[in-house]
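Next up, start_23.cif (mmCIF, C-alpha atoms and all ligand atoms):
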```
data_my_file
#
loop_
_atom_site.label_atom_id
_atom_site.label_comp_id
_atom_site.auth_asym_id
_atom_site.auth_seq_id
_atom_site.Cartn_x
_atom_site.Cartn_y
_atom_site.Cartn_z
CA MET E 271 -11.32 17.85 -1.56
CA LYS E 272 -10.23 15.05 -3.79
CA TYR E 273 -7.27 15.94 -5.92
CA THR E 274 -8.01 15.86 -9.64
CA GLY E 275 -5.40 18.03 -11.30
CA ARG E 276 -1.67 17.67 -11.84
CA LYS E 277 0.81 20.23 -10.63
CA ALA E 278 4.55 20.72 -10.46
CA LEU E 279 6.01 19.39 -7.22
CA PRO E 280 8.19 21.15 -4.66
CA ALA E 281 11.92 20.50 -4.75
CA GLY E 282 14.97 20.99 -2.51
CA SER E 283 17.71 19.13 -0.63
CA VAL E 284 18.02 16.92 2.44
CA SER E 285 17.97 17.16 6.25
CA THR E 286 18.50 14.80 9.22
CA TRP E 287 16.75 11.71 10.56
CA PRO E 288 15.20 10.91 12.99
CA HIS E 289 13.22 14.09 13.23
CA LYS E 290 10.95 15.48 15.92
CA SER E 291 7.22 14.90 15.42
CA LEU E 292 5.39 17.66 13.67
CA THR E 293 2.24 19.21 15.02
CA THR E 294 0.74 20.02 11.64
CA THR E 295 -3.04 19.99 11.49
CA LEU E 296 -4.05 17.51 8.85
CA ARG E 297 -6.53 18.53 6.27
CA THR E 298 -7.94 15.29 4.97
CA PRO E 299 -9.27 15.56 1.44
CA VAL E 300 -13.03 15.03 1.25
CA ARG E 301 -13.42 11.75 -0.50
CA PRO E 302 -16.39 10.22 -2.25
CA ASN E 303 -17.86 7.14 -0.56
CA PRO E 304 -15.66 4.28 -1.77
CA SER E 305 -18.15 1.59 -0.87
CA VAL E 306 -20.13 2.24 -4.01
CA SER E 307 -17.50 2.40 -6.71
CA PRO E 308 -15.51 -0.71 -7.56
CA THR E 309 -17.16 -3.61 -9.25
CA LEU E 310 -16.20 -7.24 -9.37
CA PRO E 311 -16.82 -9.69 -12.15
CA HIS E 312 -19.55 -11.98 -10.95
CA LYS E 313 -20.27 -15.41 -12.42
CA SER E 314 -22.81 -18.12 -11.83
CA VAL E 315 -22.75 -21.70 -13.01
CA THR E 316 -25.81 -23.31 -14.64
CA THR E 317 -26.49 -26.38 -16.78
CA ASP E 318 -27.40 -26.21 -20.47
CA HIS E 319 -30.23 -28.77 -20.62
CA ASN E 320 -29.83 -29.33 -24.39
CA THR E 321 -26.23 -30.42 -24.11
CA SER E 322 -26.09 -31.26 -20.38
CA GLN E 323 -22.96 -29.11 -20.26
CA THR E 324 -22.10 -26.73 -17.48
CA VAL E 325 -22.28 -23.11 -18.58
CA THR E 326 -20.75 -20.18 -16.78
CA GLN E 327 -22.89 -17.07 -17.07
CA ARG E 328 -21.70 -13.59 -16.34
CA GLN E 329 -24.08 -11.73 -14.06
CA PRO E 330 -24.36 -7.95 -13.83
CA CYS E 331 -21.41 -6.67 -11.80
CA GLU E 332 -21.99 -6.14 -8.11
CA PRO E 333 -20.22 -3.38 -6.19
CA ASP E 334 -17.47 -4.59 -3.91
CA SER E 335 -17.46 -3.73 -0.21
CA TRP E 336 -15.26 -4.17 2.84
CA GLU E 337 -17.75 -6.72 4.17
CA LYS E 338 -17.37 -8.87 1.04
CA LEU E 339 -13.63 -8.54 1.14
CA GLU E 340 -13.48 -9.61 4.78
CA GLN E 341 -15.82 -12.49 4.07
CA ASP E 342 -13.71 -13.68 1.12
CA LEU E 343 -10.55 -13.56 3.19
CA GLN E 344 -11.94 -15.49 6.13
CA ASP E 345 -9.93 -18.68 6.43
CA CYS E 346 -8.74 -18.21 2.83
CA GLN E 347 -7.21 -21.38 1.39
CA ARG E 348 -6.38 -20.10 -2.07
CA CYS E 349 -2.60 -20.53 -1.84
CA PRO E 350 -0.18 -22.82 0.03
CA LEU E 351 0.51 -20.21 2.75
CA ALA E 352 -2.81 -21.19 4.33
CA LYS E 353 -1.32 -24.53 5.34
CA LEU E 354 2.20 -23.42 6.25
CA GLY E 355 1.64 -22.41 9.86
CA ARG E 356 -0.45 -19.29 9.34
CA LYS E 357 -2.40 -18.26 12.43
CA LYS E 358 -4.35 -15.26 11.15
CA VAL E 359 -5.07 -13.68 7.79
CA VAL E 360 -3.97 -10.04 8.01
CA LEU E 361 -6.19 -7.84 5.88
CA GLY E 362 -4.86 -4.37 6.75
CA GLU E 363 -6.03 -1.49 8.90
CA GLY E 364 -6.30 2.25 9.23
CA ASN E 365 -8.41 4.95 7.69
CA ARG E 366 -10.46 3.38 4.90
CA HIS E 367 -10.93 6.82 3.35
CA ALA E 368 -7.25 7.72 3.57
CA SER E 369 -5.43 9.70 0.91
CA ILE E 370 -2.25 7.79 1.67
CA MET E 371 -1.87 4.02 1.58
CA LEU E 372 1.27 2.22 2.72
CA ILE E 373 1.91 -1.20 1.26
CA GLY E 374 4.39 -3.70 2.66
CA GLU E 375 5.33 -7.26 1.79
CA ALA E 376 3.72 -9.80 4.12
CA PRO E 377 2.84 -10.28 7.80
CA GLY E 378 5.62 -11.27 10.18
CA PHE E 379 5.53 -13.17 13.47
CA ASP E 380 3.67 -10.54 15.52
CA GLU E 381 1.30 -9.60 12.69
CA ASP E 382 0.37 -13.26 12.22
CA ARG E 383 -0.28 -13.68 15.94
CA LEU E 384 -2.38 -10.53 16.29
CA GLY E 385 -4.01 -10.36 12.85
CA ARG E 386 -2.84 -6.74 12.40
CA PRO E 387 -0.32 -5.28 9.96
CA PHE E 388 2.89 -3.60 11.08
CA VAL E 389 2.91 -4.36 14.77
CA GLY E 390 6.00 -5.44 16.68
CA ARG E 391 9.35 -3.76 16.11
CA SER E 392 8.89 -2.92 12.44
CA GLY E 393 5.45 -1.49 13.29
CA GLN E 394 7.02 0.73 15.95
CA LYS E 395 9.59 1.90 13.44
CA LEU E 396 6.82 2.63 10.94
CA ASP E 397 4.97 4.67 13.57
CA GLN E 398 8.14 6.70 14.19
CA ILE E 399 8.51 7.35 10.49
CA ILE E 400 4.95 8.51 9.92
CA SER E 401 4.96 10.55 13.11
CA ALA E 402 8.13 12.32 11.93
CA ILE E 403 6.18 13.69 8.97
CA GLY E 404 3.16 14.66 11.04
CA PHE E 405 0.84 11.68 10.47
CA ARG E 406 -0.69 9.15 12.82
CA ARG E 407 -1.71 5.59 12.01
CA ASN E 408 -5.35 6.63 11.78
CA ASP E 409 -4.56 9.13 9.03
CA ILE E 410 -3.39 6.43 6.63
CA TYR E 411 -4.28 2.91 5.53
CA VAL E 412 -1.71 0.12 5.82
CA ALA E 413 -1.74 -3.27 4.08
CA ASN E 414 0.56 -5.93 2.64
CA VAL E 415 0.79 -7.50 -0.79
CA VAL E 416 0.41 -10.97 0.75
CA LYS E 417 -2.05 -11.48 3.60
CA CYS E 418 -0.56 -14.55 5.32
CA ARG E 419 2.83 -15.01 6.93
CA PRO E 420 5.35 -17.00 4.88
CA PRO E 421 7.07 -19.56 7.14
CA GLU E 422 10.28 -18.32 8.79
CA ASN E 423 9.54 -14.93 7.23
CA ARG E 424 10.81 -16.16 3.88
CA ASP E 425 10.06 -14.10 0.79
CA PRO E 426 6.62 -14.72 -0.68
CA ASP E 427 6.96 -16.64 -3.95
CA PRO E 428 5.60 -15.31 -7.26
CA LYS E 429 2.64 -17.72 -7.24
CA GLU E 430 1.62 -16.66 -3.73
CA ILE E 431 1.88 -13.02 -4.73
CA SER E 432 -0.14 -13.48 -7.91
CA THR E 433 -2.84 -15.45 -6.05
CA CYS E 434 -3.13 -13.10 -3.10
CA SER E 435 -2.75 -9.78 -4.86
CA GLN E 436 -6.41 -9.83 -5.92
CA PHE E 437 -7.19 -8.80 -2.33
CA LEU E 438 -4.76 -5.90 -2.41
CA GLN E 439 -6.28 -4.79 -5.70
CA ARG E 440 -9.70 -4.78 -4.07
CA GLN E 441 -8.35 -2.78 -1.12
CA LEU E 442 -6.82 -0.26 -3.49
CA ALA E 443 -10.14 0.04 -5.29
CA LEU E 444 -12.01 0.54 -2.01
CA VAL E 445 -9.60 3.00 -0.37
CA ARG E 446 -8.74 4.81 -3.62
CA PRO E 447 -5.62 6.50 -2.22
CA ASP E 448 -4.10 9.53 -3.91
CA ILE E 449 -0.61 8.51 -2.85
CA ILE E 450 0.84 5.02 -2.36
CA LEU E 451 4.06 4.45 -0.45
CA ALA E 452 5.58 1.09 -1.35
CA LEU E 453 7.58 -0.26 1.59
CA GLY E 454 10.37 -2.50 0.36
CA ARG E 455 11.38 -4.23 -2.84
CA PHE E 456 8.49 -6.70 -3.03
CA ALA E 457 5.74 -4.12 -2.75
CA ALA E 458 7.53 -1.77 -5.14
CA ASN E 459 8.09 -4.48 -7.74
CA TYR E 460 4.50 -5.65 -7.47
CA LEU E 461 3.11 -2.12 -7.86
CA LEU E 462 5.50 -0.83 -10.49
CA GLN E 463 6.53 -3.84 -12.54
CA GLY E 464 3.12 -5.54 -12.40
CA GLN E 465 2.84 -8.73 -14.39
CA SER E 466 5.94 -7.96 -16.47
CA GLY E 467 7.93 -10.43 -14.39
CA GLU E 468 10.77 -7.92 -14.28
CA THR E 469 12.26 -7.26 -10.87
CA LYS E 470 14.33 -4.24 -9.97
CA THR E 471 16.29 -3.27 -6.90
CA LEU E 472 14.70 -0.76 -4.60
CA LYS E 473 17.60 1.56 -5.29
CA ALA E 474 16.66 1.56 -8.97
CA MET E 475 13.02 2.34 -8.19
CA ARG E 476 13.56 5.01 -5.51
CA GLN E 477 13.85 8.77 -5.97
CA LYS E 478 11.06 8.93 -8.52
CA ILE E 479 7.39 9.76 -8.31
CA TYR E 480 5.32 7.43 -10.46
CA GLN E 481 2.09 8.90 -11.62
CA ASN E 482 -0.98 7.50 -13.27
CA ASP E 483 -4.42 9.04 -13.59
CA GLY E 484 -3.98 11.43 -10.67
CA LYS E 485 -2.55 8.71 -8.42
CA TYR E 486 1.07 8.77 -7.23
CA CYS E 487 3.48 6.13 -5.99
CA ILE E 488 6.78 6.52 -4.13
CA CYS E 489 9.06 3.69 -3.00
CA THR E 490 11.14 3.45 0.12
CA TYR E 491 12.87 0.86 2.27
CA HIS E 492 10.84 -1.43 4.51
CA PRO E 493 10.92 -0.44 8.22
CA SER E 494 12.49 -3.81 9.04
CA ALA E 495 15.48 -2.81 6.86
CA LEU E 496 15.94 0.22 9.11
CA LEU E 497 16.09 -2.09 12.10
CA ARG E 498 18.94 -4.00 10.50
CA THR E 499 21.07 -1.06 9.43
CA THR E 500 21.27 2.69 9.83
CA GLU E 501 22.35 2.96 6.19
CA TYR E 502 18.75 3.43 5.06
CA ARG E 503 17.78 6.18 7.52
CA GLN E 504 18.62 9.11 5.28
CA PRO E 505 17.04 7.62 2.12
CA VAL E 506 13.82 6.86 4.03
CA TRP E 507 13.80 10.31 5.54
CA ASP E 508 14.19 11.82 2.06
CA ASP E 509 11.39 9.66 0.64
CA VAL E 510 8.86 10.41 3.37
CA ARG E 511 9.48 14.16 3.25
CA VAL E 512 8.79 14.02 -0.48
CA LEU E 513 5.60 12.10 0.32
CA ARG E 514 4.55 14.67 2.94
CA ASN E 515 5.08 17.62 0.63
CA LEU E 516 3.29 15.82 -2.20
CA TYR E 517 0.33 15.31 0.13
CA ASP E 518 0.40 19.00 1.14
CA HIS E 519 0.54 19.96 -2.51
CA LEU E 520 -2.45 17.77 -3.41
CA VAL E 521 -4.65 19.14 -0.64
CA LYS E 522 -3.43 22.67 -1.37
CA GLN E 523 -2.04 23.50 2.03
CA PRO E 524 1.33 25.07 2.90
CA ALA E 525 4.22 22.61 2.52
CA THR E 526 5.33 21.04 5.80
CA PHE E 527 8.98 21.06 4.74
CA THR E 528 10.48 23.99 2.90
CA SER E 529 11.39 23.13 -0.65
CA SER E 530 15.08 23.64 0.06
CA ASP E 531 14.72 20.84 2.66
CA VAL E 532 13.15 18.27 0.37
CA PRO E 533 14.93 16.38 -2.40
CA LYS E 534 13.61 16.79 -5.90
CA TYR E 535 12.28 13.58 -7.45
CA PRO E 536 11.28 13.44 -11.10
CA VAL E 537 7.63 12.68 -11.83
CA LEU E 538 7.21 9.80 -14.28
CA PRO E 539 3.79 10.29 -15.87
CA GLU E 540 1.44 7.56 -17.06
CA HIS E 541 3.31 4.80 -15.32
CA SER E 542 0.98 1.86 -14.86
CA LEU E 543 0.03 1.51 -11.19
S1 LIG I 601 -1.73 -15.55 1.28
FE1 LIG I 601 -3.58 -14.70 0.40
S2 LIG I 601 -4.27 -16.18 -1.14
FE2 LIG I 601 -2.81 -17.21 0.24
S3 LIG I 601 -4.09 -18.16 1.77
FE3 LIG I 601 -3.46 -16.17 2.58
S4 LIG I 601 -5.11 -14.78 2.02
FE4 LIG I 601 -5.37 -16.62 0.78
#
```

Give the structure from this file in structure tokens form.
Ligand code: SF4
Amino acid sequence: MKYTGRKALPAGSVSTWPHKSLTTTLRTPVRPNPSVSPTLPHKSVTTDHNTSQTVTQRQPCEPDSWEKLEQDLQDCQRCPLAKLGRKKVVLGEGNRHASIMLIGEAPGFDEDRLGRPFVGRSGQKLDQIISAIGFRRNDIYVANVVKCRPPENRDPDPKEISTCSQFLQRQLALVRPDIILALGRFAANYLLQGQSGETKTLKAMRQKIYQNDGKYCICTYHPSALLRTTEYRQPVWDDVRVLRNLYDHLVKQPATFTSSDVPKYPVLPEHSL
């Protein structure tokens, strides 16, 4: 069942982290085939023989597909990161029909080497987090805003983000998640502040549920931040329990965590996502 309505969300207070894995049976919403929906502007270049000028003509839109996306990303040279030591372009992985999509910042050393997102220590931490709320990797889809590793794991710059984000937009259109979990400040700012150029701290963006057109977004700290300090354990635990109960609510199944166990986050409607 694909969620179409809007309902009040469960509320409550907090518990401890880490938490034992849950054995909840997942009920994955039945989702329409995403390979037929999104469309991309398509142009072709011809010559006007009267003026000898080149003319760009807009062709009827063609549906996007994972195959086209993979093809377009192959050896992508669209931004400087292609020539700054990148080994592999990291598209993303997981369930391409998932209701939940996790979005991080950029590949790190291990991701670049293996061509897979969230492997290595931060990947293990992510697996612990999603397992603690009863999910496995194959239940969700995971991607980054930027698909190539910035050298020395530096922050991606605004130009790299604006060039590469077209691919994330296409992934979002193909997966069509009901819930997005932004991992870290970069992903949250990209998703919630968009082209406004405004940047906020993660603290300022957390503890809210952003909603637009039946789609929800929650922000939390990046798993690598949890590796650096235990300070973020409780906030992440709060955020992912809210995510789990939101998912349960959308697929109309009993809440995994009792409402008195889950913090109450306000829902901000019609936020652009
Ligand atoms: S970061 Fe994105 S835009 Fe830049 S080269 Fe890699 S895939 Fe292409």

Self-check item: Distance of atom CA of Asp531 of chain E from atom CA of Leu513 of chain E, expressed in Å to one decimal place
Solution: 12.8 Å

Practice problem: Grab me every residue within 6 Å of ligand LIG 601 (chain I), counting only C-alpha atoms and all ligand atoms, and send it over as a PyMOL selection string. | Solution: chain E and resi 343+346-349+351-352+359+416-418+430+433-434

C-alpha atoms of the current selection, written as a PDB file, keeping the file's coordinate frame:
```pdb
ATOM      1  CA  LEU E 343     -10.550 -13.560   3.190  1.00  0.00           C
ATOM      2  CA  CYS E 346      -8.740 -18.210   2.830  1.00  0.00           C
ATOM      3  CA  GLN E 347      -7.210 -21.380   1.390  1.00  0.00           C
ATOM      4  CA  ARG E 348      -6.380 -20.100  -2.070  1.00  0.00           C
ATOM      5  CA  CYS E 349      -2.600 -20.530  -1.840  1.00  0.00           C
ATOM      6  CA  LEU E 351       0.510 -20.210   2.750  1.00  0.00           C
ATOM      7  CA  ALA E 352      -2.810 -21.190   4.330  1.00  0.00           C
ATOM      8  CA  VAL E 359      -5.070 -13.680   7.790  1.00  0.00           C
ATOM      9  CA  VAL E 416       0.410 -10.970   0.750  1.00  0.00           C
ATOM     10  CA  LYS E 417      -2.050 -11.480   3.600  1.00  0.00           C
ATOM     11  CA  CYS E 418      -0.560 -14.550   5.320  1.00  0.00           C
ATOM     12  CA  GLU E 430       1.620 -16.660  -3.730  1.00  0.00           C
ATOM     13  CA  THR E 433      -2.840 -15.450  -6.050  1.00  0.00           C
ATOM     14  CA  CYS E 434      -3.130 -13.100  -3.100  1.00  0.00           C
TER      15      CYS E 434
END
```

Self-check item: Between atom CA of Gly364 of chain E and atom CA of Ala413 of chain E, distance in Å (one decimal)
Solution: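 Those two atoms sit 8.8 Å apart.
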
Exercise. Do a neighbour search on Thr471 of chain E at 9 Å with all atoms listed in the file, toss out local chain neighbours closer than 5 positions, and write the hits as number ranges by chain.
Key: E: 455, 459, 476

Quiz prompt | Within 9 Å of Arg386 of chain E using all atoms listed in the file, minus same-chain residues under 3 positions, as JSON, numbers by chain | solution = {"E": [358, 359, 360, 361, 362, 363, 377, 380, 381, 382, 383, 389]}

Self-check item: Which residue of E:Gly355, E:Gly404, E:Gly464, E:Pro447 approaches Thr526 of chain E most closely, using only C-alpha atoms
Solution: E:Gly404

Quiz item: So what do you get for atom CA of Lys470 of chain E versus atom CA of Tyr491 of chain E, distance-wise?
Solution: 13.3 Å

Exercise. May I ask which of the residues E:Leu538, E:Leu497, E:Val521, E:Ile431 is the closest one to Lys395 of chain E, counting only C-alpha atoms?
Key: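 When distances to Lys395 of chain E are compared using only C-alpha atoms, the smallest one comes from E:Leu497.
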
Quiz prompt | Closest of E:Arg511, E:Arg498, E:Lys353, E:His492 to Gly374 of chain E - atom-to-atom distances counting all atoms listed in the file | solution =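 Answer, going by the shortest atom-to-atom distance: E:His492.
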
Quiz item: Nearest to Phe456 of chain E among E:Gln441, E:Gln341, E:Thr490, E:Gln436, with distances taken over all atoms listed in the file: which residue is it?
Solution: E:Thr490

Practice problem: Determine, counting all atoms listed in the file, which protein, DNA and RNA residues have an atom within 6 Å of an atom of Tyr480 of chain E; residues of the same chain fewer than 6 positions away are not included. Present the result as JSON, numbers by chain. | Solution: {"E": [486, 487, 537, 538, 541]}

How would the residues just chosen look if you wrote them out with C-alpha atoms as a PDB file, in the coordinates of the input?
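Result went into again_21.pdb, see below:
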```pdb
ATOM      1  CA  TYR E 486       1.070   8.770  -7.230  1.00  0.00           C
ATOM      2  CA  CYS E 487       3.480   6.130  -5.990  1.00  0.00           C
ATOM      3  CA  VAL E 537       7.630  12.680 -11.830  1.00  0.00           C
ATOM      4  CA  LEU E 538       7.210   9.800 -14.280  1.00  0.00           C
ATOM      5  CA  HIS E 541       3.310   4.800 -15.320  1.00  0.00           C
TER       6      HIS E 541
END
```

Practice problem: Give the answer as one residue: which of E:Pro493, E:Gly378, E:Trp507, E:Asn515 has the shortest atom-to-atom distance to Gln394 of chain E, using all atoms listed in the file? | Solution: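 With all atoms listed in the file as the atom set, the closest residue is E:Pro493.
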
Quiz item: Between E:Ile400, E:Leu438, E:Ala368, E:Ile373, which has the minimum distance to Leu339 of chain E (counting only C-alpha atoms)?
Solution: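 Looking at the shortest contact to Leu339 of chain E, the residue is E:Leu438.
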
Practice problem: Give as a list in words every residue, naming chains and numbers as the document does, that has an atom within 10 Å of (3.4, 3.8, 10.8), counting only C-alpha atoms. | Solution: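 Selection result: Gly364, Leu372, Pro387, Phe388, Val389, Ser392, Gly393, Gln394, Lys395, Leu396, Asp397, Gln398, Ile399, Ile400, Ser401, Ala402, Phe405, Arg406, Arg407, Asn408, Asp409, Ile410, Tyr411, Val412 and Pro493 of chain E.
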